[in-house]
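To start, the structure itself, in structure tokens.
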Amino acid sequence: MARPRILLADDHRVLVDALEQLLKIEFDVVGIVGDGRALLKAAAELRPDLAVVDIGMPLLNGLDAAEQLKALHPEIKVIFLTQNREPLFAAEAFRTKASGYLLKNSAASELTAAIRAALKGEWYSSAALGPIAGTEPDSSQGPLRDLTRREREVLQLLAEGKSMKEVAAILNLSPRTVEFHKYRIMHLLRAKTGAELVQYAMKHGLIAP
């Protein structure tokens with residue numbers, strides 16, 4: 001019987017190398033990527049059975065990447081492995097149709113148990129998260145939910161310090177379109193400075209603190 005194929009997405013290389021050593025005992029680790037855009041590309045090429053994804057990744061955060069991944073390849077299971085223990089993030093993970101949410105300080109055996117559960121179509125979450133994990137997110141969580149997917153992408157890249165021209169190149173947009181998105185984002189978030197955009201992006205998990 002073929003072993004389940006696992007794709008790892010995390011920009012902390014030391015951690016991901018340790019995960020690979022742990023998982024390859026039972027699973028085939030078919031790829032390792034360090035950002036959300038690379039995750040989407042690798043998933044299309046490698047077609048893993050499951051992806052283990054961090055939330056705070058560059059270029060495209062794990063939540064938005066997972067949402068796009070599940071829309072394109074609904075058969076691929078997703079488990080989040082993150083340091084974000086806020087209930088809102090666990091609820092957002094559920095919204096993306098992920099199969100699990102674990103904290104990075106979980107026992108190693110818990111990740112393998114989560115993968116087995118996900119491959120059977122079950123939801124798995126760290127016990128430390130409590131009953132909130134696996135429930136629908138609050139629809140009134142603030143202006144970030146009013147942003148379109150493209151606006152969240154622009155917000156993340158700007159918050160990471162990318163210039164208008166760099167954002168335009170990454171998203172295949174014109175600089176003028178990026179400028180329009182930035183104006184609308186700042187209006188919706190009531191932000192007056194770039195520093196406020198960075199703070200907002202950190203608070204809502206678009207970039208790592």
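Residue numbers start at 1 in each chain; chains themselves are named A, B, ... in the order of the structure tokens; ligands are numbered from 1 in the order shown.
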List every residue of stretch 149-183 of chain A that has an atom at most 12 Å from any atom of stretch 68-74 of chain A, giving for each one its closest atom pair and the distance in Å to one decimal, counting only C-alpha atoms, sorted by chain and then by ascending residue number, as a Markdown table.
```
| residue | atom | partner | partner_atom | distance |
| --- | --- | --- | --- | --- |
| A:Arg149 | CA | A:Gln68 | CA | 9.4 |
| A:Arg150 | CA | A:Gln68 | CA | 11.5 |
| A:Glu153 | CA | A:Gln68 | CA | 11.8 |
```
Exercise: A:Leu206 partners within 8 Å, only C-alpha atoms, chain neighbours under 4 positions left out, as a list of chain:residue names: A:Ile55, A:Gly56, A:Leu60, A:Asn61, A:Arg152, A:Gln156, A:Ala201, A:Met202
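In this model, the gap between atom CA of A:Ala42 and atom CA of A:Leu147 comes to 26.5 Å.
Listed by chain and then by rising number, the residues of stretch 81-176 of chain A that DSSP assigns to strand (DSSP E) from the backbone are Leu81, Thr82, Gly100, Tyr101, Leu102, Leu103, Tyr124 and Ser125 of chain A.
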Could those selected residues go to a file with N, CA and C atoms, as an mmCIF file, in the first residue's frame?
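Okay, again_21.cif is ready:
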```cif
data_model
loop_
_atom_site.group_PDB
_atom_site.id
_atom_site.type_symbol
_atom_site.label_atom_id
_atom_site.label_comp_id
_atom_site.auth_asym_id
_atom_site.auth_seq_id
_atom_site.Cartn_x
_atom_site.Cartn_y
_atom_site.Cartn_z
ATOM 1 N N LEU A 81 0.016 23.930 11.618
ATOM 2 C CA LEU A 81 0.944 23.740 12.738
ATOM 3 C C LEU A 81 1.555 25.114 13.004
ATOM 4 N N THR A 82 1.158 25.751 14.091
ATOM 5 C CA THR A 82 1.450 27.167 14.279
ATOM 6 C C THR A 82 1.693 27.500 15.739
ATOM 7 N N GLY A 100 -7.265 20.267 10.579
ATOM 8 C CA GLY A 100 -6.689 20.245 11.914
ATOM 9 C C GLY A 100 -5.935 21.507 12.236
ATOM 10 N N TYR A 101 -5.732 21.719 13.535
ATOM 11 C CA TYR A 101 -5.034 22.909 14.023
ATOM 12 C C TYR A 101 -4.235 22.509 15.252
ATOM 13 N N LEU A 102 -2.902 22.550 15.132
ATOM 14 C CA LEU A 102 -2.018 22.165 16.233
ATOM 15 C C LEU A 102 -1.064 23.304 16.567
ATOM 16 N N LEU A 103 -0.699 23.375 17.839
ATOM 17 C CA LEU A 103 0.307 24.329 18.278
ATOM 18 C C LEU A 103 1.700 23.710 18.124
ATOM 19 N N TYR A 124 -9.006 17.523 13.764
ATOM 20 C CA TYR A 124 -8.154 17.339 14.929
ATOM 21 C C TYR A 124 -7.620 18.692 15.375
ATOM 22 N N SER A 125 -7.651 18.950 16.679
ATOM 23 C CA SER A 125 -7.085 20.190 17.201
ATOM 24 C C SER A 125 -6.360 19.923 18.511
#
```
12 Å contact set for A:Ala114, only C-alpha atoms, chain neighbours under 3 positions out, as number ranges by chain: A: 23, 50-52, 77-81, 98-103, 106-111, 117-127
Any chance you can output those residues with N, CA, C and O atoms as a tab-separated table (two decimals), in the first residue's frame?
```
chain	number	residue	atom	x	y	z
A	23	LEU	N	8.32	12.71	10.35
A	23	LEU	CA	7.21	12.20	9.54
A	23	LEU	C	7.62	11.11	8.56
A	23	LEU	O	6.80	10.26	8.19
A	50	LEU	N	-1.76	15.46	1.84
A	50	LEU	CA	-1.96	16.38	2.96
A	50	LEU	C	-0.83	17.39	3.01
A	50	LEU	O	0.32	17.07	2.71
A	51	ALA	N	-1.16	18.62	3.41
A	51	ALA	CA	-0.15	19.66	3.61
A	51	ALA	C	-0.17	20.10	5.07
A	51	ALA	O	-1.24	20.35	5.64
A	52	VAL	N	1.00	20.18	5.68
A	52	VAL	CA	1.16	20.73	7.03
A	52	VAL	C	1.63	22.17	6.86
A	52	VAL	O	2.70	22.41	6.29
A	77	LYS	N	-5.83	17.43	2.00
A	77	LYS	CA	-6.10	17.80	3.39
A	77	LYS	C	-5.08	18.83	3.86
A	77	LYS	O	-3.94	18.83	3.40
A	78	VAL	N	-5.48	19.68	4.79
A	78	VAL	CA	-4.59	20.69	5.34
A	78	VAL	C	-4.64	20.64	6.87
A	78	VAL	O	-5.73	20.61	7.46
A	79	ILE	N	-3.47	20.63	7.48
A	79	ILE	CA	-3.35	20.76	8.93
A	79	ILE	C	-2.46	21.96	9.22
A	79	ILE	O	-1.38	22.09	8.64
A	80	PHE	N	-2.93	22.85	10.09
A	80	PHE	CA	-2.12	23.98	10.50
A	80	PHE	C	-1.26	23.59	11.70
A	80	PHE	O	-1.75	23.00	12.66
A	81	LEU	N	0.02	23.93	11.62
A	81	LEU	CA	0.94	23.74	12.74
A	81	LEU	C	1.55	25.11	13.00
A	81	LEU	O	2.36	25.62	12.21
A	98	ALA	N	-9.84	23.41	6.57
A	98	ALA	CA	-8.71	22.62	7.03
A	98	ALA	C	-9.20	21.44	7.86
A	98	ALA	O	-10.34	21.41	8.30
A	99	SER	N	-8.30	20.50	8.09
A	99	SER	CA	-8.65	19.29	8.83
A	99	SER	C	-8.07	19.26	10.24
A	99	SER	O	-8.37	18.34	11.00
A	100	GLY	N	-7.26	20.27	10.58
A	100	GLY	CA	-6.69	20.24	11.91
A	100	GLY	C	-5.93	21.51	12.24
A	100	GLY	O	-5.56	22.28	11.34
A	101	TYR	N	-5.73	21.72	13.54
A	101	TYR	CA	-5.03	22.91	14.02
A	101	TYR	C	-4.24	22.51	15.25
A	101	TYR	O	-4.80	22.15	16.28
A	102	LEU	N	-2.90	22.55	15.13
A	102	LEU	CA	-2.02	22.16	16.23
A	102	LEU	C	-1.06	23.30	16.57
A	102	LEU	O	-0.66	24.06	15.69
A	103	LEU	N	-0.70	23.38	17.84
A	103	LEU	CA	0.31	24.33	18.28
A	103	LEU	C	1.70	23.71	18.12
A	103	LEU	O	1.86	22.50	18.26
A	106	SER	N	3.11	21.31	20.66
A	106	SER	CA	2.44	20.03	20.86
A	106	SER	C	3.47	18.89	20.82
A	106	SER	O	4.55	19.02	20.23
A	107	ALA	N	3.13	17.77	21.42
A	107	ALA	CA	4.00	16.60	21.36
A	107	ALA	C	4.10	16.11	19.92
A	107	ALA	O	3.16	16.24	19.13
A	108	ALA	N	5.26	15.55	19.58
A	108	ALA	CA	5.46	15.06	18.22
A	108	ALA	C	4.41	14.02	17.84
A	108	ALA	O	3.93	13.98	16.70
A	109	SER	N	4.04	13.18	18.80
A	109	SER	CA	3.05	12.14	18.53
A	109	SER	C	1.69	12.73	18.16
A	109	SER	O	0.90	12.10	17.46
A	110	GLU	N	1.43	13.97	18.62
A	110	GLU	CA	0.14	14.58	18.32
A	110	GLU	C	0.03	14.95	16.84
A	110	GLU	O	-1.04	14.86	16.25
A	111	LEU	N	1.15	15.35	16.22
A	111	LEU	CA	1.11	15.67	14.79
A	111	LEU	C	0.82	14.43	13.96
A	111	LEU	O	-0.01	14.47	13.03
A	117	ALA	N	-5.81	11.23	11.54
A	117	ALA	CA	-7.22	11.61	11.65
A	117	ALA	C	-7.68	12.37	10.41
A	117	ALA	O	-8.76	12.11	9.86
A	118	ALA	N	-6.86	13.30	9.93
A	118	ALA	CA	-7.23	14.10	8.76
A	118	ALA	C	-7.40	13.22	7.52
A	118	ALA	O	-8.32	13.42	6.73
A	119	LEU	N	-6.52	12.24	7.36
A	119	LEU	CA	-6.60	11.36	6.20
A	119	LEU	C	-7.86	10.50	6.24
A	119	LEU	O	-8.30	9.99	5.20
A	120	LYS	N	-8.43	10.34	7.43
A	120	LYS	CA	-9.70	9.61	7.56
A	120	LYS	C	-10.91	10.53	7.48
A	120	LYS	O	-12.05	10.10	7.69
A	121	GLY	N	-10.66	11.82	7.23
A	121	GLY	CA	-11.75	12.77	7.10
A	121	GLY	C	-12.22	13.37	8.40
A	121	GLY	O	-13.32	13.93	8.47
A	122	GLU	N	-11.39	13.29	9.45
A	122	GLU	CA	-11.77	13.81	10.76
A	122	GLU	C	-11.05	15.13	11.04
A	122	GLU	O	-10.01	15.42	10.46
A	123	TRP	N	-11.63	15.94	11.95
A	123	TRP	CA	-11.01	17.19	12.41
A	123	TRP	C	-10.19	16.91	13.65
A	123	TRP	O	-10.60	16.13	14.52
A	124	TYR	N	-9.01	17.52	13.76
A	124	TYR	CA	-8.15	17.34	14.93
A	124	TYR	C	-7.62	18.69	15.37
A	124	TYR	O	-7.19	19.50	14.55
A	125	SER	N	-7.65	18.95	16.68
A	125	SER	CA	-7.09	20.19	17.20
A	125	SER	C	-6.36	19.92	18.51
A	125	SER	O	-6.66	18.97	19.22
A	126	SER	N	-5.39	20.79	18.82
A	126	SER	CA	-4.66	20.68	20.09
A	126	SER	C	-5.63	20.84	21.25
A	126	SER	O	-6.49	21.72	21.25
A	127	ALA	N	-5.47	19.99	22.26
A	127	ALA	CA	-6.35	20.05	23.42
A	127	ALA	C	-6.27	21.40	24.11
A	127	ALA	O	-7.24	21.90	24.68
```
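When only C-alpha atoms are used to measure the gap to A:Pro48, the shortest distance among A:Ala9, A:Ile76, A:Ile32, A:Ile115 belongs to A:Ile76.
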Residue with smallest distance to A:Leu15 - pool A:Ala159, A:Leu189, A:Glu166, A:Asp54, counting only C-alpha atoms: A:Asp54
DSSP helix (DSSP H, G or I) residues within stretch 34-195 of chain A, listed as a ChimeraX atom specification: /A:36-46,62-72,87-95,108-119,127-132,143-146,149-159,164-171,175-189,194-195
Point-to-point distance in Å for atom CA of A:Lys182 and atom CA of A:Tyr200: 13.5 Å
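Across the model, the gap from atom CA of A:Phe27 to atom CA of A:Arg5 is 6.2 Å.
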